[in-house]
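Comments concern the structure below.
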Amino acid sequence: MVKEDEKFPCDLIFLSSSRGDGTCFVTTTSLDGESSHKTYYAVQDTKAFHNEQEIDALHATIECEQPQPDLYKFVGRINVYHDRNEPIARPLGSENLLLRGATLKNTEKIFGVAIYTGMETKMALNYQSKSQKRSAVEKSMNVFLVVYLCILVSKALINTVLKYAWQSEPFRDEPWYNQKTEPEKKRNVFLQAFTDFLAFMVLFNYIIPVSMYVTVEMQKFLGSYFIAWDEEMFDEDTGEGPLVNTSDLNEELGQIEYVFTDKTGTLTENNMEFVECCIEGHVYVPHVICNGQILHDCTGIDMIDSSPGSSGKEREELFFRALCLCHTVQVKDDDSVDGLKKNQMSKRSCIYISSSPDEVALVEGIQRLGYTYLRLKDNYMEILNRENNIEKFELLEVFSFDSVRRRMSVIVKSSTGDIFLFCKGADSSIFPRVKEGKIEQVRSRVERNAVEGLRTLCVAYKKLTAEEYSKVQKLLQSAKLALQDREKKLAEVYEKIERDFILLGATAVEDRLQEKAADTIEALQKAGIKVWVLTGDKMETAAATCYACKLFRRNTQILELTTKKIEEQSLHDVLFDLNKTVIRQNGSLTRDTFSGLSTDTQDYGLIIDGAALSLIMKPRQDGSSGNYREIFLNICRNCSAVLCCRMAPLQKAQIVKLIKLSKEHPITLAIGDGANDVSMILEAHVGIGIIGKEGRQAARNSDYAIPKFKHLKKMLLVHGHFYYIRISELVQYFFYKNVCFIFPQFLYQFFCGFSQQTLYDTAYLTLYNISFTSLPILLYSLMEQHVSPDTLKREPSLYRDVAKNALLRWRAFIYWTFLGVFDALVFFFGAYLLLDNTVVTSNGQMFGTWTFGTVVFTVLVFTVTFKLALDTHYWTWINHFMIWGSLVFYIVFSLLWGGIIWPFLNYQRMYYVFMQMLSSGPAWLGIILLITVSLLPDVLKKVLCRQLWPTATERIQKSMRHKTAQNALTNCDGPLLEGNLSPSEP
């Protein structure tokens, strides 16, 4: 027994509740994030058991499928034994299963029987983690790491070989001050060589930037808060802000090449409003309700004759009954709903709740036309008609909606004993199944509404005799009791029953375009990102939305790859004709796959439907499935935008996977708001969920979640751009500074007989990456802004500057590596030449080995820190504090480390070394000179490249500096504004 507001401890079959109709209300927030109350139904044969004694007397067995992670599917059967008679078998579905973790609401108590417990519950099975997504930056890092690992092994191998070549001379192998002992002479040469190889590996291992991975993880984790804290991405209407479900893909947001977006609820508001209904070719448009009277605006079309006894009146009544009966909307009957008391609700102002906004809009629309759906109670549905008469219908069967059938049906019995099957669904699903009615008139109206971007739905019915319903009941019962392939068998039964309809009419609801959706798509296209719309809507509706949001433009030539085209020609001919069209217009060169809009070539827009995609993806009879896919991909490459309509959820994922695995391997992003978008969100490199009105399944399964589609613009063009710039610099800088750090150690071995002697003190080796150089680059990677956020939003083309992982390509990597090698050569040989037998201290002593290493290390720390300062464009007090503070810390530490005799150390080799170095004028001069020489090539390269081959970002930076200087001059209060500077003077 579970009481109100308690969580279900395991997965339960719902037997009975304190409510007389055998229902209960449940919230599944902890499972899928949906806070709305969902209705579950008790088993019909046990719903009358209301206490423990009655439940204890129940004898029944339950058969069900093995534990499955799908929260919304369940197949089972209960056999209830009455006395010693044969058991009564009843089907069990997801509507009878109460899931562990869900909470009981608005119901005093329920009774249930446990079927899945512990780790077999659906919630526990969903603990399995999603597939790990890795960014392009992370992949580049790993490749570069392999290169540096090879360099490390090569260094150790070279030094090992050279050591034994050096010691091949007897006088070098055993000098008088270091002669070998007898055990050393008897050691195996190969074992000794291997030991030396490992010693060199340990000596040079600092070239592998292990600390880089720690810093990168910190940068990603801390950087992800900048999205969550962004006030511009907070939606006041919903009170929601962006969510970051993973920080591993921050930089991937700056590398997107394809955006796959859902339409309804993503590009549109998913806030449906009833526009009209068409009955027998006549259009009804609700306009206003005044003093209880329903007024209609008929838009110039004659309304049907409503005089009693007319055939039109009968069809009209059937149409509205069908819409009132064939849906999943419930009337909210709580004592209060958002502060609205029951006594404040008139009979024509009910509050409806449903998982589908379309259905709520339809029910509210027909209420405005004079019909009110009241409630479902004890399996009876009540309708208040225009004459204020309440009609009762017994609900016999419900054929639930699914994305394959694209329709829903109910079988009801009227108070007069007539049995009707009402069906509503997509026009493509209804029209092939109707045999009479004003088919052409309704079809014409449906097509007109679709072109205007309205969502259309067709309604049909047929009357069943008692014998026909009895046959239907047997077929359904047999399919529902099946434990194997129940869904397939039910689909076959539905296909047999849902045919030979009489068409009643169609409805149209409007789903408005989201605010700034068109502006966002236009900005993404200017940034070089291709936008594809994947929707389940019909072609005309989806195309109208695409024109409204500027995915298609007036000069865009639309290419169709649809079932209708394939029926006229073969798939082979259609594909090759389209391929010839795009190739002929754009020439033999294929359009750059990373160009969004083109001014030089004709812009093409492709429309493809789900059926055509299935044919393309289907293996050919000769076994070669790849040919059609390649042609299809080539057509898509040459199109500026693609619309995929009539898409099933799995097909959306197939499209994303097809592009993701194409030969260019582009970075993909999928964005959607509903459960049907989850598959493509999980398939794409980056998945973004809209925190919308269809629950939170998309947001829960996504990498990032945003309140509105318009926030995608800032997320990619600003946050993504910054993240990529910052982490790219971080990665390249870490490799650079480690080359600078360890290459002098490699060179030093040539001067110490390859004896594995270290150049730097152990404290410096340990603290170089941990303390002296770590915080400045971390702060840089969190705060750097090479241009302002407003500039990035105003100039979307800057996004292309870093496209295709531009800052982590081999060319950039080799430049940074060679820059590190050059600096290391300057550090080592510069210090060697300056200190070689010439520099003495004030007391006449010469500098020794540790002083030489300290000079090299000091030049190293200052050079790599100044290098980062040169690359910094956005200076704050935090940057200043970290960069100059790290240098001050190095000096203070060195003074303390070399100024005190540490009692816990058995060596004091660094005692007074740093102070002795600072007391020498030539050492100061050498350090300043070496730092200048080390930085000079990078400074020259920056200056020359900015002047001769500036990037778009560098041009913007220059113009911004010029504009800032002009503003400063304009705002100056000095004599320059009083005529002392002539217009011709600079």
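Numbering starts fresh at 1 for the residues of each chain in the structure tokens, the chains themselves are lettered A, B, ... in the order given, and ligands are numbered from 1 as they appear.
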Open item on the list: I'd like the contact shell of Ile691 of chain A - 8 Å cut-off, only C-alpha atoms, skipping same-chain residues fewer than 6 positions apart - returned as a PyMOL selection string.
Closed with: chain A and resi 240+673+698-699+705-708
Just N, CA, C and O atoms for this one: save the residues we selected as a short mmCIF file (atom, residue, chain, number, x, y, z; two decimals), in the first residue's frame.
```
data_model
loop_
_atom_site.label_atom_id
_atom_site.label_comp_id
_atom_site.auth_asym_id
_atom_site.auth_seq_id
_atom_site.Cartn_x
_atom_site.Cartn_y
_atom_site.Cartn_z
N GLU A 240 13.16 29.92 -16.45
CA GLU A 240 14.21 28.93 -16.66
C GLU A 240 15.46 29.59 -17.23
O GLU A 240 15.38 30.53 -18.01
N ASP A 673 12.87 19.53 -28.55
CA ASP A 673 12.22 19.76 -27.26
C ASP A 673 11.40 18.58 -26.77
O ASP A 673 10.92 18.61 -25.64
N ALA A 698 13.88 15.63 -23.55
CA ALA A 698 14.95 16.14 -24.42
C ALA A 698 16.02 16.83 -23.59
O ALA A 698 17.21 16.59 -23.78
N ALA A 699 15.61 17.67 -22.64
CA ALA A 699 16.58 18.38 -21.80
C ALA A 699 17.36 17.40 -20.92
O ALA A 699 18.56 17.58 -20.69
N ALA A 705 20.95 22.37 -22.17
CA ALA A 705 19.53 22.71 -22.34
C ALA A 705 19.37 24.22 -22.27
O ALA A 705 20.01 24.88 -21.45
N ILE A 706 18.52 24.75 -23.16
CA ILE A 706 18.28 26.19 -23.20
C ILE A 706 16.77 26.43 -23.23
O ILE A 706 16.01 25.57 -23.69
N PRO A 707 16.31 27.58 -22.73
CA PRO A 707 14.86 27.83 -22.69
C PRO A 707 14.25 28.06 -24.07
O PRO A 707 13.12 27.64 -24.32
N LYS A 708 14.94 28.74 -24.98
CA LYS A 708 14.38 29.08 -26.28
C LYS A 708 15.42 28.85 -27.38
O LYS A 708 16.62 28.86 -27.13
#
```
TODO: Please give the complete set of residues from segment 188-329 of chain A that DSSP, run on the backbone, assigns to alpha helix (DSSP H), formatted as a VMD selection string.
DONE: chain A and resid 189 to 204 210 to 223 225 to 228 311 to 325
Task: Distance query Cys278 of chain A at most 12 Å, only C-alpha atoms, self and fewer than 2 positions along chain excluded, as a PyMOL selection string - done: chain A and resi 275-276+280-286+298+301-304+315-316+319-320+438-439+441-446+448-449+456-459+503-509
I need the residues from that last selection saved to file as a short mmCIF file (atom, residue, chain, number, x, y, z; two decimals), in the first residue's frame (with N, CA and C atoms), if you can.
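That gives us part.cif:
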```cif
data_model
loop_
_atom_site.label_atom_id
_atom_site.label_comp_id
_atom_site.auth_asym_id
_atom_site.auth_seq_id
_atom_site.Cartn_x
_atom_site.Cartn_y
_atom_site.Cartn_z
N VAL A 275 -7.68 27.52 -35.13
CA VAL A 275 -7.93 28.52 -36.17
C VAL A 275 -9.27 28.27 -36.85
N GLU A 276 -9.48 27.03 -37.31
CA GLU A 276 -10.74 26.74 -38.01
C GLU A 276 -10.95 25.25 -38.07
N GLU A 280 -17.49 18.99 -44.17
CA GLU A 280 -18.19 18.82 -45.45
C GLU A 280 -17.88 19.96 -46.42
N GLY A 281 -16.66 20.52 -46.32
CA GLY A 281 -16.28 21.59 -47.22
C GLY A 281 -16.64 22.97 -46.73
N HIS A 282 -17.36 23.08 -45.61
CA HIS A 282 -17.73 24.37 -45.04
C HIS A 282 -16.81 24.68 -43.87
N VAL A 283 -16.43 25.96 -43.76
CA VAL A 283 -15.41 26.35 -42.79
C VAL A 283 -16.05 27.07 -41.61
N TYR A 284 -15.66 26.67 -40.41
CA TYR A 284 -16.09 27.32 -39.18
C TYR A 284 -14.88 27.99 -38.54
N VAL A 285 -15.00 29.27 -38.27
CA VAL A 285 -13.91 30.00 -37.64
C VAL A 285 -14.43 30.65 -36.37
N PRO A 286 -14.02 30.16 -35.21
CA PRO A 286 -14.48 30.80 -33.96
C PRO A 286 -13.91 32.19 -33.85
N CYS A 298 -16.94 33.73 -40.65
CA CYS A 298 -16.90 32.64 -41.63
C CYS A 298 -15.95 32.92 -42.78
N ILE A 301 -17.12 32.31 -46.32
CA ILE A 301 -17.59 31.00 -46.77
C ILE A 301 -18.90 30.71 -46.07
N ASP A 302 -19.90 30.27 -46.83
CA ASP A 302 -21.21 29.99 -46.24
C ASP A 302 -21.11 28.85 -45.23
N MET A 303 -21.79 29.04 -44.08
CA MET A 303 -21.83 27.97 -43.09
C MET A 303 -22.85 26.94 -43.51
N ILE A 304 -22.71 25.78 -42.95
CA ILE A 304 -23.62 24.70 -43.29
C ILE A 304 -25.01 25.00 -42.74
N ARG A 315 -23.80 15.40 -39.76
CA ARG A 315 -22.35 15.30 -39.90
C ARG A 315 -21.65 16.29 -38.96
N GLU A 316 -22.24 17.46 -38.81
CA GLU A 316 -21.66 18.45 -37.90
C GLU A 316 -21.63 17.91 -36.48
N PHE A 319 -18.97 15.28 -36.18
CA PHE A 319 -17.63 15.87 -36.20
C PHE A 319 -17.23 16.38 -34.82
N PHE A 320 -18.11 17.15 -34.19
CA PHE A 320 -17.76 17.70 -32.88
C PHE A 320 -17.71 16.61 -31.82
N LYS A 438 -16.94 14.37 -48.45
CA LYS A 438 -16.48 15.44 -49.33
C LYS A 438 -14.95 15.46 -49.34
N ILE A 439 -14.39 14.43 -49.94
CA ILE A 439 -12.93 14.20 -49.84
C ILE A 439 -12.14 15.31 -50.52
N GLN A 441 -13.04 18.37 -51.42
CA GLN A 441 -13.19 19.69 -50.80
C GLN A 441 -12.34 19.81 -49.53
N VAL A 442 -12.38 18.77 -48.72
CA VAL A 442 -11.60 18.78 -47.48
C VAL A 442 -10.10 18.76 -47.79
N ARG A 443 -9.72 17.94 -48.79
CA ARG A 443 -8.30 17.86 -49.15
C ARG A 443 -7.78 19.22 -49.62
N SER A 444 -8.59 19.92 -50.40
CA SER A 444 -8.20 21.24 -50.89
C SER A 444 -7.98 22.20 -49.73
N ARG A 445 -8.87 22.16 -48.73
CA ARG A 445 -8.74 23.07 -47.58
C ARG A 445 -7.52 22.70 -46.75
N VAL A 446 -7.27 21.40 -46.60
CA VAL A 446 -6.11 20.95 -45.83
C VAL A 446 -4.82 21.43 -46.48
N ARG A 448 -4.43 23.98 -48.49
CA ARG A 448 -4.33 25.44 -48.37
C ARG A 448 -3.83 25.84 -46.99
N ASN A 449 -4.36 25.20 -45.95
CA ASN A 449 -3.93 25.52 -44.59
C ASN A 449 -2.47 25.13 -44.36
N THR A 456 -2.55 20.64 -39.53
CA THR A 456 -3.86 20.11 -39.92
C THR A 456 -4.07 18.71 -39.38
N LEU A 457 -5.36 18.37 -39.20
CA LEU A 457 -5.75 17.07 -38.69
C LEU A 457 -7.07 16.69 -39.33
N CYS A 458 -7.22 15.45 -39.75
CA CYS A 458 -8.45 15.00 -40.39
C CYS A 458 -9.24 14.11 -39.43
N VAL A 459 -10.56 14.15 -39.57
CA VAL A 459 -11.46 13.39 -38.69
C VAL A 459 -12.38 12.53 -39.54
N LEU A 503 -15.41 10.34 -44.23
CA LEU A 503 -14.67 11.56 -43.87
C LEU A 503 -15.64 12.61 -43.35
N LEU A 504 -15.33 13.16 -42.16
CA LEU A 504 -16.16 14.20 -41.57
C LEU A 504 -15.61 15.60 -41.86
N GLY A 505 -14.31 15.77 -41.75
CA GLY A 505 -13.74 17.09 -41.98
C GLY A 505 -12.31 17.16 -41.49
N ALA A 506 -11.86 18.39 -41.27
CA ALA A 506 -10.47 18.60 -40.85
C ALA A 506 -10.40 19.82 -39.96
N THR A 507 -9.35 19.90 -39.17
CA THR A 507 -9.12 21.04 -38.29
C THR A 507 -7.78 21.68 -38.64
N ALA A 508 -7.61 22.91 -38.20
CA ALA A 508 -6.34 23.61 -38.40
C ALA A 508 -6.02 24.40 -37.13
N VAL A 509 -4.82 24.21 -36.62
CA VAL A 509 -4.35 24.98 -35.48
C VAL A 509 -3.05 25.67 -35.88
#
```
Which residues, written as a compact mmCIF listing (two decimals) with N, CA and C atoms, in the first residue's frame, have at least one atom at most 7 Å from segment 603-612 of chain A, with only C-alpha atoms counted and residues fewer than 5 positions away on the same chain left out?
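Output (part08.txt):
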```txt
# COMPACT_ATOMS: atom_id res chain seq x y z
N PHE A 552 14.62 28.95 -45.95
CA PHE A 552 14.50 29.11 -47.40
C PHE A 552 14.24 30.58 -47.68
N THR A 556 15.83 31.03 -53.29
CA THR A 556 16.25 29.64 -53.11
C THR A 556 15.45 28.74 -54.06
N GLN A 557 16.15 27.95 -54.85
CA GLN A 557 15.49 27.01 -55.73
C GLN A 557 15.24 25.70 -54.97
N ILE A 558 13.97 25.34 -54.85
CA ILE A 558 13.60 24.17 -54.06
C ILE A 558 13.70 22.90 -54.90
N LEU A 559 14.43 21.92 -54.37
CA LEU A 559 14.53 20.60 -54.99
C LEU A 559 13.75 19.62 -54.13
N GLU A 560 12.96 18.76 -54.77
CA GLU A 560 12.12 17.82 -54.02
C GLU A 560 12.59 16.40 -54.25
N LEU A 561 12.74 15.69 -53.14
CA LEU A 561 13.05 14.26 -53.18
C LEU A 561 12.00 13.58 -52.32
N THR A 562 10.79 13.47 -52.87
CA THR A 562 9.64 13.01 -52.11
C THR A 562 9.02 11.79 -52.75
N THR A 563 8.10 11.19 -52.02
CA THR A 563 7.41 9.99 -52.52
C THR A 563 6.68 10.29 -53.82
N SER A 598 25.88 31.42 -50.02
CA SER A 598 26.82 31.71 -51.10
C SER A 598 26.22 32.76 -52.01
N CYS A 639 23.47 22.07 -51.25
CA CYS A 639 22.26 22.79 -50.85
C CYS A 639 22.56 23.62 -49.61
N SER A 640 22.06 24.84 -49.60
CA SER A 640 22.29 25.72 -48.45
C SER A 640 21.42 25.34 -47.27
N ALA A 641 20.29 24.65 -47.51
CA ALA A 641 19.40 24.23 -46.42
C ALA A 641 18.65 22.99 -46.84
N VAL A 642 18.29 22.16 -45.86
CA VAL A 642 17.58 20.91 -46.13
C VAL A 642 16.41 20.81 -45.16
N LEU A 643 15.26 20.42 -45.69
CA LEU A 643 14.07 20.16 -44.89
C LEU A 643 13.70 18.69 -45.01
N CYS A 644 13.65 17.99 -43.90
CA CYS A 644 13.24 16.58 -43.88
C CYS A 644 11.90 16.52 -43.17
N CYS A 645 10.84 16.17 -43.89
CA CYS A 645 9.50 16.14 -43.32
C CYS A 645 8.99 14.70 -43.23
N ARG A 646 7.93 14.52 -42.47
CA ARG A 646 7.35 13.20 -42.24
C ARG A 646 8.40 12.23 -41.70
N MET A 647 9.20 12.72 -40.74
CA MET A 647 10.29 11.93 -40.19
C MET A 647 9.85 11.22 -38.91
```
Open item on the list: With distances taken over only C-alpha atoms, which residue among A:Phe746, A:Pro950, A:Gly365, A:Arg553 lies nearest Leu157 of chain A?
Closed with: A:Phe746
TODO: List the neighbours of segment 659-662 of chain A out to 9 Å using only C-alpha atoms; skip same-chain residues closer than 4 positions along the sequence, and give me the result as a list in words.
DONE: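 Close residues of segment 659-662 of chain A: Tyr258, Glu630, Leu633, Gln654, Ile655, Pro666, Ile667, Thr668, Glu683, Ala684 and His685 of chain A.
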Task: strand (DSSP E or B) call set, DSSP backbone run, segment 611-814 of chain A, as a ChimeraX atom specification - done: /A:641-645,668-672,686-690,704-706
Requested write-out: N, CA and C atoms of the selected residues, as a PDB file, in the first residue's frame:
```pdb
ATOM      1  N   ALA A 641      20.294  24.645 -47.507  1.00  0.00           N
ATOM      2  CA  ALA A 641      19.403  24.229 -46.419  1.00  0.00           C
ATOM      3  C   ALA A 641      18.651  22.985 -46.844  1.00  0.00           C
ATOM      4  N   VAL A 642      18.293  22.165 -45.859  1.00  0.00           N
ATOM      5  CA  VAL A 642      17.578  20.914 -46.134  1.00  0.00           C
ATOM      6  C   VAL A 642      16.408  20.809 -45.162  1.00  0.00           C
ATOM      7  N   LEU A 643      15.260  20.416 -45.690  1.00  0.00           N
ATOM      8  CA  LEU A 643      14.070  20.156 -44.886  1.00  0.00           C
ATOM      9  C   LEU A 643      13.702  18.687 -45.012  1.00  0.00           C
ATOM     10  N   CYS A 644      13.648  17.985 -43.901  1.00  0.00           N
ATOM     11  CA  CYS A 644      13.238  16.581 -43.876  1.00  0.00           C
ATOM     12  C   CYS A 644      11.896  16.516 -43.166  1.00  0.00           C
ATOM     13  N   CYS A 645      10.842  16.175 -43.892  1.00  0.00           N
ATOM     14  CA  CYS A 645       9.502  16.139 -43.316  1.00  0.00           C
ATOM     15  C   CYS A 645       8.993  14.699 -43.229  1.00  0.00           C
ATOM     16  N   THR A 668      28.436  17.845 -35.649  1.00  0.00           N
ATOM     17  CA  THR A 668      26.991  18.025 -35.745  1.00  0.00           C
ATOM     18  C   THR A 668      26.396  18.418 -34.397  1.00  0.00           C
ATOM     19  N   LEU A 669      25.282  19.136 -34.476  1.00  0.00           N
ATOM     20  CA  LEU A 669      24.514  19.517 -33.289  1.00  0.00           C
ATOM     21  C   LEU A 669      23.047  19.246 -33.572  1.00  0.00           C
ATOM     22  N   ALA A 670      22.368  18.620 -32.635  1.00  0.00           N
ATOM     23  CA  ALA A 670      20.931  18.367 -32.765  1.00  0.00           C
ATOM     24  C   ALA A 670      20.207  19.070 -31.631  1.00  0.00           C
ATOM     25  N   ILE A 671      19.089  19.705 -31.964  1.00  0.00           N
ATOM     26  CA  ILE A 671      18.332  20.453 -30.961  1.00  0.00           C
ATOM     27  C   ILE A 671      16.855  20.132 -31.110  1.00  0.00           C
ATOM     28  N   GLY A 672      16.210  19.859 -29.997  1.00  0.00           N
ATOM     29  CA  GLY A 672      14.784  19.534 -30.023  1.00  0.00           C
ATOM     30  C   GLY A 672      14.196  19.668 -28.631  1.00  0.00           C
ATOM     31  N   VAL A 686      26.934  17.071 -30.383  1.00  0.00           N
ATOM     32  CA  VAL A 686      26.436  17.908 -29.288  1.00  0.00           C
ATOM     33  C   VAL A 686      24.918  17.875 -29.344  1.00  0.00           C
ATOM     34  N   GLY A 687      24.297  17.551 -28.230  1.00  0.00           N
ATOM     35  CA  GLY A 687      22.836  17.513 -28.159  1.00  0.00           C
ATOM     36  C   GLY A 687      22.318  18.613 -27.248  1.00  0.00           C
ATOM     37  N   ILE A 688      21.366  19.378 -27.760  1.00  0.00           N
ATOM     38  CA  ILE A 688      20.785  20.478 -26.980  1.00  0.00           C
ATOM     39  C   ILE A 688      19.287  20.277 -26.875  1.00  0.00           C
ATOM     40  N   GLY A 689      18.778  20.356 -25.661  1.00  0.00           N
ATOM     41  CA  GLY A 689      17.351  20.217 -25.429  1.00  0.00           C
ATOM     42  C   GLY A 689      16.715  21.563 -25.135  1.00  0.00           C
ATOM     43  N   ILE A 690      15.512  21.747 -25.646  1.00  0.00           N
ATOM     44  CA  ILE A 690      14.735  22.946 -25.331  1.00  0.00           C
ATOM     45  C   ILE A 690      13.876  22.632 -24.103  1.00  0.00           C
ATOM     46  N   TYR A 704      23.376  19.985 -23.256  1.00  0.00           N
ATOM     47  CA  TYR A 704      23.042  21.329 -22.778  1.00  0.00           C
ATOM     48  C   TYR A 704      21.548  21.535 -22.995  1.00  0.00           C
ATOM     49  N   ALA A 705      20.946  22.373 -22.171  1.00  0.00           N
ATOM     50  CA  ALA A 705      19.528  22.705 -22.342  1.00  0.00           C
ATOM     51  C   ALA A 705      19.367  24.216 -22.272  1.00  0.00           C
ATOM     52  N   ILE A 706      18.524  24.750 -23.157  1.00  0.00           N
ATOM     53  CA  ILE A 706      18.280  26.188 -23.201  1.00  0.00           C
ATOM     54  C   ILE A 706      16.769  26.431 -23.232  1.00  0.00           C
TER      55      ILE A 706
END
```
- [ ] Would you mind listing what lies within 9 Å of Gly753 of chain A as a ChimeraX atom specification, with only C-alpha atoms counted and same-chain residues fewer than 6 positions away left out?
- [x] /A:162-163,166-167,172
Could you turn the residues from that selection into a file that holds C-alpha atoms, as an mmCIF file, in the first residue's frame?
```cif
data_model
loop_
_atom_site.group_PDB
_atom_site.id
_atom_site.type_symbol
_atom_site.label_atom_id
_atom_site.label_comp_id
_atom_site.auth_asym_id
_atom_site.auth_seq_id
_atom_site.Cartn_x
_atom_site.Cartn_y
_atom_site.Cartn_z
ATOM 1 C CA LEU A 162 75.238 8.177 -27.199
ATOM 2 C CA LYS A 163 76.109 7.345 -23.601
ATOM 3 C CA TRP A 166 80.831 8.117 -25.258
ATOM 4 C CA GLN A 167 81.923 5.408 -22.823
ATOM 5 C CA ARG A 172 85.863 8.020 -20.419
#
```
Open item on the list: I need the residue nearest Leu524 of chain A from this list: A:Lys155, A:Arg90, A:Arg800, A:His572. Use only C-alpha atoms for the distance.
Closed with: A:Arg800
Open item on the list: Counting only C-alpha atoms, which residue out of A:Ala102, A:Val143, A:Val398, A:Met910 sits closest to Trp850 of chain A?
Closed with: A:Met910
- [ ] Mind checking which residues fall within 12 Å of Gly265 of chain A, counting only C-alpha atoms, ignoring those fewer than 6 positions away in the same chain, and posting them as JSON, numbers by chain?
- [x] {"A": [271, 272, 356, 357, 358, 511, 512, 513, 514, 515, 517, 535, 671, 672, 673, 674, 675, 676, 677, 689, 690, 691, 692, 693, 694, 695, 698, 707, 708, 709]}
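Residue nearest Leu362 of chain A within the list A:Glu394, A:Glu452, A:Glu510, A:Glu251: A:Glu510 [criterion: smallest interatomic distance, only C-alpha atoms].
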TODO: Determine the nearest neighbour of Cys752 of chain A from the options A:Lys737, A:Asn159, A:Val678, A:Lys263, counting only C-alpha atoms.
DONE: A:Asn159
